[in-house]
file structure_31.csv (CSV, C-alpha atoms)
chain,number,residue,atom,x,y,z
A,273,MET,CA,13.6,-6.3,-30.2
A,274,THR,CA,12.4,-9.3,-28.2
A,275,GLU,CA,8.7,-10.0,-27.9
A,276,PRO,CA,7.2,-8.9,-24.6
A,277,VAL,CA,6.2,-11.7,-22.2
A,278,LEU,CA,3.0,-9.8,-21.3
A,279,SER,CA,1.1,-7.4,-23.5
A,280,VAL,CA,-2.1,-5.5,-22.4
A,281,GLN,CA,-4.0,-3.6,-25.0
A,282,GLY,CA,-7.0,-1.4,-24.2
A,283,LEU,CA,-8.1,-3.5,-21.2
A,284,SER,CA,-11.4,-2.4,-19.6
A,285,LYS,CA,-13.7,-3.9,-17.0
A,286,SER,CA,-17.2,-2.8,-16.1
A,287,TYR,CA,-19.7,-4.0,-13.5
A,288,ARG,CA,-23.5,-3.3,-13.3
A,289,LEU,CA,-24.5,-1.8,-10.0
A,290,GLY,CA,-28.1,-1.9,-8.8
A,291,ALA,CA,-29.4,-4.6,-11.1
A,292,ARG,CA,-31.1,-7.5,-9.4
A,293,ARG,CA,-30.6,-11.1,-10.6
A,294,ARG,CA,-33.4,-12.2,-12.9
A,295,THR,CA,-35.8,-14.6,-11.1
A,296,TYR,CA,-37.8,-17.5,-12.6
A,297,ARG,CA,-41.1,-16.5,-14.2
A,298,THR,CA,-44.3,-18.3,-13.9
A,299,LEU,CA,-46.7,-19.1,-16.9
A,300,ARG,CA,-49.0,-16.4,-15.6
A,301,ASP,CA,-46.1,-13.8,-15.6
A,302,SER,CA,-45.2,-14.8,-19.2
A,303,LEU,CA,-48.8,-14.4,-20.4
A,304,SER,CA,-49.4,-11.1,-18.7
A,305,GLY,CA,-46.1,-9.8,-20.2
A,306,LEU,CA,-47.8,-10.0,-23.6
A,307,TRP,CA,-50.2,-7.2,-22.7
A,308,ARG,CA,-48.1,-5.0,-20.5
A,309,ARG,CA,-44.6,-3.7,-20.6
A,310,THR,CA,-42.3,-4.7,-17.8
A,311,GLU,CA,-40.2,-1.9,-16.2
A,312,LYS,CA,-36.5,-2.2,-16.8
A,313,GLU,CA,-34.5,-2.7,-13.7
A,314,PRO,CA,-32.5,0.4,-12.8
A,315,SER,CA,-28.8,-0.1,-13.0
A,316,ASP,CA,-25.5,1.9,-13.2
A,317,THR,CA,-22.3,0.9,-14.9
A,318,PHE,CA,-19.1,1.1,-12.8
A,319,TRP,CA,-15.8,1.0,-14.7
A,320,ALA,CA,-13.2,-0.7,-12.6
A,321,LEU,CA,-10.7,-0.4,-15.4
A,322,GLN,CA,-10.6,1.8,-18.4
A,323,ASP,CA,-8.3,1.5,-21.4
A,324,ILE,CA,-5.3,0.0,-19.7
A,325,SER,CA,-2.3,-0.7,-22.0
A,326,PHE,CA,1.3,-1.7,-21.3
A,327,GLU,CA,3.9,-4.2,-22.1
A,328,LEU,CA,6.4,-6.1,-19.9
A,329,GLY,CA,9.5,-7.9,-21.0
A,330,GLN,CA,11.2,-11.0,-19.6
A,331,GLY,CA,12.8,-10.7,-16.2
A,332,ARG,CA,11.2,-7.3,-15.5
A,333,VAL,CA,9.4,-6.4,-12.2
A,334,LEU,CA,6.4,-4.0,-12.5
A,335,GLY,CA,4.9,-2.3,-9.5
A,336,LEU,CA,1.2,-1.4,-9.4
A,337,ILE,CA,0.4,1.4,-7.0
A,338,GLY,CA,-2.6,3.6,-6.3
A,339,HIS,CA,-5.3,4.2,-3.7
A,340,ASN,CA,-7.7,1.5,-2.5
A,341,GLY,CA,-10.2,0.9,-5.3
A,342,ALA,CA,-7.9,2.2,-8.1
A,343,GLY,CA,-8.3,-1.1,-10.0
A,344,LYS,CA,-5.0,-2.9,-9.1
A,345,SER,CA,-6.6,-6.2,-7.9
A,346,THR,CA,-9.1,-6.2,-10.8
A,347,LEU,CA,-6.2,-6.0,-13.3
A,348,LEU,CA,-4.5,-8.9,-11.6
A,349,LYS,CA,-7.7,-11.0,-11.6
A,350,ILE,CA,-8.0,-10.5,-15.3
A,351,LEU,CA,-4.4,-11.4,-16.0
A,352,SER,CA,-4.9,-14.5,-13.8
A,353,ARG,CA,-8.0,-15.4,-15.9
A,354,ILE,CA,-10.3,-15.3,-12.8
A,355,THR,CA,-12.5,-12.8,-14.5
A,356,GLU,CA,-13.0,-11.7,-18.2
A,357,PRO,CA,-12.4,-8.1,-19.4
A,358,THR,CA,-15.3,-6.1,-20.8
A,359,ALA,CA,-13.1,-4.8,-23.6
A,360,GLY,CA,-9.5,-5.1,-24.8
A,361,ARG,CA,-7.2,-8.1,-24.4
A,362,ALA,CA,-4.2,-9.4,-22.5
A,363,VAL,CA,-1.6,-11.7,-24.1
A,364,LEU,CA,0.6,-13.7,-21.8
A,365,HIS,CA,3.4,-16.1,-22.9
A,366,GLY,CA,4.0,-18.9,-20.4
A,367,ARG,CA,2.6,-20.2,-17.2
A,368,VAL,CA,1.1,-17.7,-14.7
A,369,GLY,CA,1.5,-18.1,-10.9
A,370,SER,CA,-0.7,-15.8,-8.8
A,371,LEU,CA,-1.0,-15.0,-5.1
A,372,LEU,CA,-4.0,-12.7,-5.0
A,373,GLU,CA,-5.5,-13.7,-1.6
A,374,VAL,CA,-4.3,-15.9,1.3
A,375,GLY,CA,-4.5,-19.5,0.1
A,376,THR,CA,-6.2,-18.8,-3.2
A,377,GLY,CA,-6.5,-22.1,-5.0
A,378,PHE,CA,-6.0,-24.3,-1.9
A,379,HIS,CA,-8.5,-26.9,-1.0
A,380,GLY,CA,-9.2,-26.9,2.8
A,381,GLU,CA,-9.7,-30.7,3.0
A,382,LEU,CA,-6.4,-31.5,1.3
A,383,SER,CA,-3.1,-31.6,3.1
A,384,GLY,CA,-0.3,-29.2,2.5
A,385,ARG,CA,1.5,-31.9,0.4
A,386,GLU,CA,-1.6,-32.5,-1.7
A,387,ASN,CA,-2.2,-28.8,-2.3
A,388,ILE,CA,1.4,-28.4,-3.5
A,389,PHE,CA,1.0,-31.1,-6.1
A,390,LEU,CA,-2.5,-29.8,-7.0
A,391,ASN,CA,-1.3,-26.3,-7.6
A,392,GLY,CA,1.7,-27.5,-9.7
A,393,ALA,CA,-0.7,-29.6,-11.8
A,394,ILE,CA,-2.9,-26.5,-12.4
A,395,LEU,CA,0.2,-24.7,-13.6
A,396,GLY,CA,0.8,-27.5,-16.1
A,397,MET,CA,3.9,-28.9,-14.4
A,398,LYS,CA,4.9,-32.5,-14.4
A,399,ARG,CA,4.9,-34.5,-11.2
A,400,ALA,CA,8.6,-35.0,-11.4
A,401,ASP,CA,9.2,-31.2,-11.6
A,402,ILE,CA,6.9,-30.5,-8.6
A,403,ALA,CA,8.7,-33.2,-6.6
A,404,ARG,CA,12.1,-31.6,-7.4
A,405,GLN,CA,10.9,-28.4,-5.8
A,406,PHE,CA,8.9,-29.9,-3.0
A,407,ASP,CA,11.5,-29.8,-0.2
A,408,ARG,CA,12.4,-26.2,-1.0
A,409,ILE,CA,8.7,-25.2,-0.9
A,410,VAL,CA,8.2,-26.9,2.5
A,411,ALA,CA,11.4,-25.4,4.0
A,412,PHE,CA,10.5,-21.9,2.8
A,413,ALA,CA,7.0,-22.1,4.2
A,414,GLU,CA,8.3,-23.6,7.5
A,415,VAL,CA,5.5,-26.2,7.6
A,416,GLU,CA,7.6,-29.4,7.7
A,417,GLN,CA,5.7,-30.6,10.8
A,418,PHE,CA,2.3,-30.0,9.4
A,419,VAL,CA,2.8,-30.8,5.7
A,420,ASP,CA,0.5,-33.8,5.9
A,421,THR,CA,-2.2,-31.9,7.9
A,422,ALA,CA,-5.3,-30.6,6.1
A,423,VAL,CA,-4.7,-26.9,5.4
A,424,LYS,CA,-8.1,-26.0,6.9
A,425,HIS,CA,-6.3,-26.4,10.3
A,426,TYR,CA,-3.5,-24.0,9.4
A,427,SER,CA,-3.2,-20.5,10.9
A,428,SER,CA,-3.5,-17.6,8.5
A,429,GLY,CA,0.3,-17.2,8.7
A,430,MET,CA,1.0,-20.8,7.8
A,431,TYR,CA,-1.6,-20.6,4.9
A,432,LEU,CA,0.1,-17.5,3.6
A,433,ARG,CA,3.7,-18.9,3.8
A,434,LEU,CA,2.7,-22.0,2.0
A,435,ALA,CA,0.7,-20.2,-0.7
A,436,PHE,CA,3.6,-17.8,-1.4
A,437,ALA,CA,6.2,-20.6,-1.4
A,438,VAL,CA,4.1,-22.6,-3.9
A,439,ALA,CA,3.6,-19.6,-6.2
A,440,ALA,CA,7.3,-18.6,-6.1
A,441,HIS,CA,8.9,-22.1,-6.4
A,442,LEU,CA,6.8,-23.8,-9.1
A,443,GLU,CA,8.6,-21.8,-11.8
A,444,PRO,CA,5.9,-19.9,-13.5
A,445,GLU,CA,7.1,-17.6,-16.3
A,446,ILE,CA,4.9,-14.8,-14.9
A,447,LEU,CA,4.3,-14.3,-11.2
A,448,LEU,CA,1.5,-12.0,-9.9
A,449,VAL,CA,1.6,-10.9,-6.2
A,450,ASP,CA,-1.1,-8.8,-4.6
A,451,GLU,CA,-0.5,-7.4,-1.1
A,452,VAL,CA,1.2,-10.5,0.3
A,453,LEU,CA,3.4,-8.3,2.5
A,454,ALA,CA,0.3,-6.9,4.3
A,455,VAL,CA,-0.3,-10.2,6.2
A,456,GLY,CA,3.0,-11.8,7.1
A,457,ASP,CA,5.3,-10.9,10.0
A,458,ALA,CA,8.5,-8.9,9.5
A,459,ALA,CA,10.8,-12.0,9.1
A,460,PHE,CA,8.5,-13.5,6.4
A,461,GLN,CA,8.2,-10.2,4.6
A,462,LYS,CA,12.0,-10.0,4.4
A,463,ARG,CA,12.2,-13.5,2.9
A,464,CYS,CA,9.4,-12.7,0.4
A,465,LEU,CA,11.2,-9.6,-0.8
A,466,GLY,CA,14.4,-11.6,-1.3
A,467,LYS,CA,12.6,-14.4,-3.1
A,468,ILE,CA,10.8,-12.0,-5.5
A,469,GLY,CA,14.2,-10.5,-6.3
A,470,GLU,CA,15.6,-14.0,-7.0
A,471,VAL,CA,12.6,-14.8,-9.2
A,472,ALA,CA,13.3,-11.7,-11.4
A,473,GLU,CA,17.1,-12.6,-11.6
A,474,GLU,CA,16.1,-16.0,-12.9
A,475,GLY,CA,14.5,-14.3,-15.9
A,476,ARG,CA,10.9,-14.6,-14.8
A,477,THR,CA,8.5,-11.6,-14.9
A,478,VAL,CA,6.8,-10.2,-11.8
A,479,ILE,CA,3.8,-7.9,-11.3
A,480,PHE,CA,3.9,-6.7,-7.7
A,481,VAL,CA,1.0,-4.9,-5.9
A,482,SER,CA,1.7,-3.4,-2.5
A,483,HIS,CA,1.0,-0.3,-0.4
A,484,ASN,CA,4.5,-0.7,1.0
A,485,LEU,CA,6.1,1.9,-1.2
A,486,SER,CA,9.6,1.2,0.2
A,487,ALA,CA,9.3,-2.5,-1.0
A,488,VAL,CA,7.9,-1.4,-4.4
A,489,GLU,CA,10.8,1.0,-4.9
A,490,ARG,CA,13.4,-1.6,-3.9
A,491,LEU,CA,12.0,-4.4,-6.0
A,492,CYS,CA,10.5,-2.9,-9.2
A,493,ASP,CA,12.2,-1.7,-12.4
A,494,SER,CA,9.2,0.3,-13.4
A,495,ALA,CA,5.7,1.2,-12.0
A,496,LEU,CA,2.2,1.9,-13.1
A,497,LEU,CA,0.1,4.4,-11.2
A,498,LEU,CA,-3.6,3.7,-11.3
A,499,ASP,CA,-6.4,6.2,-10.3
A,500,HIS,CA,-10.1,5.2,-10.6
A,501,GLY,CA,-9.3,2.5,-13.1
A,502,ARG,CA,-7.1,4.6,-15.4
A,503,VAL,CA,-3.3,4.8,-15.9
A,504,THR,CA,-2.2,8.2,-14.7
A,505,PHE,CA,1.5,7.6,-14.9
A,506,GLN,CA,3.8,4.9,-16.4
A,507,GLY,CA,7.5,5.0,-16.0
A,508,SER,CA,10.3,4.7,-13.5
A,509,THR,CA,9.4,3.5,-10.0
A,510,ALA,CA,10.8,6.5,-8.3
A,511,ASP,CA,8.9,8.9,-10.5
A,512,ALA,CA,5.6,6.9,-10.1
A,513,ILE,CA,5.9,6.9,-6.3
A,514,GLU,CA,6.7,10.6,-6.2
A,515,ARG,CA,3.7,11.3,-8.5
A,516,TYR,CA,1.5,9.2,-6.2
A,517,LEU,CA,2.7,10.9,-3.0
A,518,GLN,CA,2.1,14.4,-4.5
A,519,THR,CA,-1.6,13.7,-5.2
A,520,GLY,CA,-4.5,13.3,-2.9
A,521,SER,CA,-4.3,12.4,0.7
A,522,ALA,CA,-1.0,10.6,0.3
A,523,ALA,CA,0.8,13.9,-0.2
A,524,GLN,CA,-0.4,15.7,2.9
A,525,GLY,CA,-2.2,15.4,6.2
A,526,LEU,CA,-5.9,16.1,5.9
A,527,LEU,CA,-6.5,18.5,8.8
A,528,VAL,CA,-9.7,18.8,10.7
A,529,GLU,CA,-11.6,22.0,9.9
A,530,ALA,CA,-9.8,24.9,11.6
A,531,ALA,CA,-13.0,26.1,13.3
A,532,ARG,CA,-13.4,22.7,15.1
A,533,ARG,CA,-9.8,22.7,16.5
A,534,PRO,CA,-8.9,24.1,19.9
A,535,GLY,CA,-6.9,27.4,20.2
A,536,ARG,CA,-7.3,31.1,19.7
A,537,GLY,CA,-6.7,30.7,16.0
A,538,ARG,CA,-4.4,33.7,15.3
A,539,VAL,CA,-2.0,31.1,13.8
A,540,ARG,CA,-3.4,27.9,12.2
A,541,PHE,CA,-1.7,24.9,10.6
A,542,THR,CA,-3.0,24.5,7.0
A,543,ARG,CA,-1.0,21.5,5.8
A,544,VAL,CA,1.4,18.8,7.1
A,545,ARG,CA,3.8,16.9,4.9
A,546,ALA,CA,6.7,14.5,5.4
A,547,LEU,CA,9.9,14.1,3.4
A,548,CYS,CA,12.2,11.1,3.6
A,549,ASP,CA,15.7,11.8,2.3
A,550,GLY,CA,14.4,14.8,0.5
A,551,ARG,CA,11.4,13.2,-1.2
A,552,PRO,CA,7.7,13.3,-0.3
A,553,ALA,CA,6.8,10.2,1.6
A,554,ILE,CA,4.4,8.5,3.9
A,555,HIS,CA,6.6,5.4,4.1
A,556,LEU,CA,9.8,6.1,6.0
A,557,THR,CA,13.1,4.2,6.6
A,558,SER,CA,14.6,3.8,10.0
A,559,GLY,CA,17.8,5.8,10.3
A,560,SER,CA,17.0,8.1,7.3
A,561,ARG,CA,16.8,11.9,7.3
A,562,VAL,CA,13.1,12.9,7.9
A,563,GLU,CA,11.7,16.4,7.4
A,564,LEU,CA,8.3,17.5,8.6
A,565,LEU,CA,6.8,20.5,6.9
A,566,PHE,CA,4.0,22.5,8.7
A,567,ASP,CA,2.4,25.2,6.6
A,568,TYR,CA,0.6,27.9,8.6
A,569,ASP,CA,-1.5,31.0,8.1
A,570,VAL,CA,-1.5,34.1,10.4
A,571,ALA,CA,-5.0,35.6,10.7
A,572,ASP,CA,-4.0,39.3,10.9
A,573,GLY,CA,-1.0,38.8,8.6
A,574,ALA,CA,1.4,40.2,11.1
A,575,GLU,CA,4.6,38.6,12.3
A,576,VAL,CA,4.2,36.3,15.3
A,577,GLU,CA,6.6,36.6,18.2
A,578,GLY,CA,7.4,34.0,20.8
A,579,ALA,CA,6.0,31.0,18.8
A,580,ARG,CA,6.5,27.7,20.6
A,581,ILE,CA,5.9,24.6,18.5
A,582,ARG,CA,5.7,21.0,19.8
A,583,VAL,CA,5.4,17.9,17.6
A,584,ALA,CA,4.6,14.5,19.1
A,585,TRP,CA,5.1,11.1,17.6
A,586,THR,CA,2.7,8.4,18.9
A,587,ASN,CA,2.0,4.8,18.2
A,588,LEU,CA,-1.4,3.5,17.2
A,589,LEU,CA,-2.3,3.0,20.9
A,590,GLY,CA,-1.8,6.7,21.5
A,591,ASP,CA,1.4,6.4,23.5
A,592,THR,CA,3.8,9.3,22.9
A,593,LEU,CA,7.2,7.9,21.8
A,594,PHE,CA,9.1,11.2,21.5
A,595,ILE,CA,8.5,14.9,20.9
A,596,LEU,CA,10.2,17.7,18.9
A,597,ILE,CA,10.5,21.2,20.3
A,598,ASN,CA,11.6,24.5,18.8
A,599,ASP,CA,12.8,26.2,22.0
A,600,GLY,CA,16.0,28.2,21.4
A,601,GLN,CA,16.3,27.2,17.7
A,602,GLY,CA,15.6,30.6,16.1
A,603,THR,CA,12.0,29.8,15.0
A,604,SER,CA,10.1,31.6,17.7
A,605,ARG,CA,9.5,34.5,15.2
A,606,LEU,CA,7.1,33.5,12.4
A,607,PRO,CA,6.7,35.9,9.4
A,608,GLY,CA,3.2,36.5,8.2
A,609,PRO,CA,0.8,36.2,6.5
A,610,SER,CA,1.8,32.6,5.8
A,611,GLY,CA,4.9,30.4,5.8
A,612,THR,CA,6.3,26.9,6.5
A,613,VAL,CA,8.0,25.6,9.6
A,614,ARG,CA,10.4,22.6,9.0
A,615,ALA,CA,11.3,20.1,11.6
A,616,VAL,CA,14.4,18.0,10.7
A,617,ILE,CA,15.3,14.6,12.2
A,618,PRO,CA,18.8,13.7,10.8
A,619,ARG,CA,18.4,9.9,11.6
A,620,LEU,CA,14.9,8.6,12.4
A,621,PRO,CA,15.1,6.4,15.6
A,622,LEU,CA,12.0,4.2,15.0
A,623,HIS,CA,11.7,0.5,14.3
A,624,HIS,CA,9.2,-1.0,11.8
A,625,GLY,CA,5.6,0.1,12.5
A,626,THR,CA,2.9,2.7,12.0
A,627,TYR,CA,3.0,6.0,13.8
A,628,ARG,CA,1.0,9.2,13.9
A,629,LEU,CA,1.9,12.9,14.3
A,630,SER,CA,0.2,15.5,16.5
A,631,ALA,CA,1.3,19.2,16.7
A,632,TRP,CA,0.5,22.3,18.6
A,633,ILE,CA,1.6,25.9,18.5
A,634,LYS,CA,1.5,28.6,21.2
A,635,SER,CA,2.4,32.3,21.2
A,636,GLY,CA,3.6,33.1,24.7
A,637,ARG,CA,1.3,31.0,26.9
A,638,ASP,CA,-1.7,31.1,24.7
A,639,LEU,CA,-2.6,28.0,22.6
A,640,GLU,CA,-3.1,29.1,19.0
A,641,ASP,CA,-3.8,25.7,17.3
A,642,ARG,CA,-3.6,22.0,18.0
A,643,ILE,CA,-4.0,19.1,15.5
A,644,SER,CA,-4.3,15.5,16.6
A,645,ASP,CA,-3.4,12.6,14.2
A,646,ALA,CA,-2.6,15.0,11.4
A,647,LEU,CA,-0.4,12.5,9.6
A,648,GLU,CA,0.0,8.7,9.6
A,649,LEU,CA,3.4,7.3,8.7
A,650,THR,CA,4.9,3.9,8.4
A,651,VAL,CA,8.5,2.9,9.1
A,652,ALA,CA,10.3,-0.1,7.6
A,653,GLY,CA,13.8,-1.4,7.3
A,654,GLY,CA,16.9,0.8,7.6
A,655,ASP,CA,19.4,1.2,10.4
A,656,PHE,CA,18.0,2.0,13.8
A,657,PHE,CA,21.3,1.9,15.7
A,658,GLY,CA,23.5,5.0,15.9
A,659,THR,CA,20.6,7.3,15.7
A,660,GLY,CA,21.7,9.3,18.7
A,661,VAL,CA,18.7,8.9,21.0
A,662,THR,CA,19.0,10.8,24.4
A,663,TRP,CA,16.9,10.8,27.5
A,664,PRO,CA,16.1,14.3,28.8
A,665,ALA,CA,14.8,15.1,32.2
A,666,ASP,CA,11.4,16.7,31.5
A,667,SER,CA,10.8,16.7,27.7
A,668,GLY,CA,8.6,13.6,27.3
A,669,PRO,CA,9.5,9.9,26.9
A,670,PHE,CA,12.8,10.8,25.0
A,671,LEU,CA,14.2,13.4,22.8
A,672,VAL,CA,15.8,12.8,19.4
A,673,PRO,CA,18.4,15.0,17.8
A,674,HIS,CA,16.5,17.4,15.6
A,675,SER,CA,16.3,21.0,14.4
A,676,PHE,CA,13.6,23.6,13.4
A,677,GLU,CA,13.8,26.2,10.7
A,678,VAL,CA,11.4,28.6,8.9
A,679,GLY,CA,11.5,28.1,5.1
A,680,GLY,CA,9.5,27.6,2.0
A,681,GLU,CA,9.0,24.7,-0.4
A,682,PRO,CA,11.7,22.0,-0.7

call {"tool": "encode", "arguments": {"input": "structure_31.csv", "output": "structure tokens"}}
result
Amino acid sequence: MTEPVLSVQGLSKSYRLGARRRTYRTLRDSLSGLWRRTEKEPSDTFWALQDISFELGQGRVLGLIGHNGAGKSTLLKILSRITEPTAGRAVLHGRVGSLLEVGTGFHGELSGRENIFLNGAILGMKRADIARQFDRIVAFAEVEQFVDTAVKHYSSGMYLRLAFAVAAHLEPEILLVDEVLAVGDAAFQKRCLGKIGEVAEEGRTVIFVSHNLSAVERLCDSALLLDHGRVTFQGSTADAIERYLQTGSAAQGLLVEAARRPGRGRVRFTRVRALCDGRPAIHLTSGSRVELLFDYDVADGAEVEGARIRVAWTNLLGDTLFILINDGQGTSRLPGPSGTVRAVIPRLPLHHGTYRLSAWIKSGRDLEDRISDALELTVAGGDFFGTGVTWPADSGPFLVPHSFEVGGEP
């Protein structure tokens, strides 16, 4: 069995909260301390990481996923030797290239050319090796015109492109990437994903942190799920993502308290979920099969006749993009005391972006319940064309092919 390129054993990191930095003491303070006890500064210990252990072989790509504050960035900072662990150890074999923040390690007064050679020198590369990769780095970052300009004058996009290009092209044995896709535009994100794949194929090891679960699933061989500084799952990428989506707020829409929502309340939505190609998801793919599940309760437990359901997809500005309606689809009769209504979109006709769902339900003409911004979903990649979008006369901006059904859990 080959020796792992990266081995993490019992890694933990704690921070003291509430303790103030010790100030300089005067001679009088020192003398008075001989006769009276000084009170200890109150402090709490916060564990950002607790007992993290894993190994990673050569040419493997590991995804780190979890909610904000789960400890992903702290782990990468320890592996990058930016901060020291409180306990445990990490053993890395080879040079480490890291992209933790936009332009980390760049000097603002130096030009792009000088920063490229500076970063290469920090990685322990010879000047000849850096020069051999120089043209590729500049071309990838698309900064040919500004390569001799001080990077303090770069836009954030230029900064990011150059930082990623340096980290990916200077041939480190281990590459650490933290949320680089959250800043760049769509074209740059696509190139980054392709480059990370190339790096792994060349036999180098990658640890990839991103909230873009579609990218994690596409790139990573395995994944680590972190929750409040602990590893809650370690295994295949698909299983890790599914576990993440089935826990906490990622698995369902957190609905406003029913008593504060408009409507009579005989029927109330209790939970909203989304499935992409049959799996729980908050990150969807354009052109994929999407199912929306609306759990409901009936106050008197009896069957509801004449139920009319509307689901609106909106952008972040609140503009309605399309709606789903259940008229004439056999779901006007809802069995009590509870159940699930499923709206199915065979091919999602949305481009890359972030969207929100709102829904309302009526019995006859009476509004029973309405939920606004019940779920936020992101869409990336996929095939938008051939999704069968039509333009109705009076059903909102446009109507997509869809169906409704009453059913239980998937």

call {"tool": "residues_around", "arguments": {"input": "structure_31.csv", "residues": "A:Leu620", "least_positions_apart": "5", "cutoff": "7 Å", "atoms": "only C-alpha atoms", "output": "list of chain:residue names"}}
result
A:Ser558, A:Gly559, A:Ser560, A:Arg561, A:Val562, A:Thr659

call {"tool": "residues_around", "arguments": {"input": "structure_31.csv", "residues": "A:Leu498", "least_positions_apart": "2", "cutoff": "10 Å", "atoms": "only C-alpha atoms", "output": "list in words"}}
result
Leu321, Ile324, Leu336, Ile337, Gly338, His339, Asn340, Gly341, Ala342, Gly343, Lys344, Ala495, Leu496, His500, Gly501, Arg502, Val503, Thr504, Phe505, Gln506, Ala512 and Tyr516 of chain A

call {"tool": "atom_distance", "arguments": {"input": "structure_31.csv", "atom1": "atom CA of A:Leu647", "atom2": "atom CA of A:Val583"}}
result
11.3 Å

call {"tool": "closest_residue", "arguments": {"input": "structure_31.csv", "among": "A:Gly590, A:Gly335, A:Gly369, A:Pro609", "to": "A:Leu351", "atoms": "only C-alpha atoms"}}
result
A:Gly369

call {"tool": "closest_residue", "arguments": {"input": "structure_31.csv", "among": "A:Val481, A:Gly384, A:Phe436, A:Gly392", "to": "A:Leu347", "atoms": "all atoms listed in the file"}}
result
A:Val481

call {"tool": "residues_around", "arguments": {"input": "structure_31.csv", "residues": "A:Gly469", "least_positions_apart": "3", "cutoff": "12 Å", "atoms": "only C-alpha atoms", "output": "number ranges by chain"}}
result
A: 331-334, 440, 447, 462-466, 472-480, 487-488, 490-493

call {"tool": "atom_distance", "arguments": {"input": "structure_31.csv", "atom1": "atom CA of A:Ile446", "atom2": "atom CA of A:Gln330"}}
result
8.7 Å
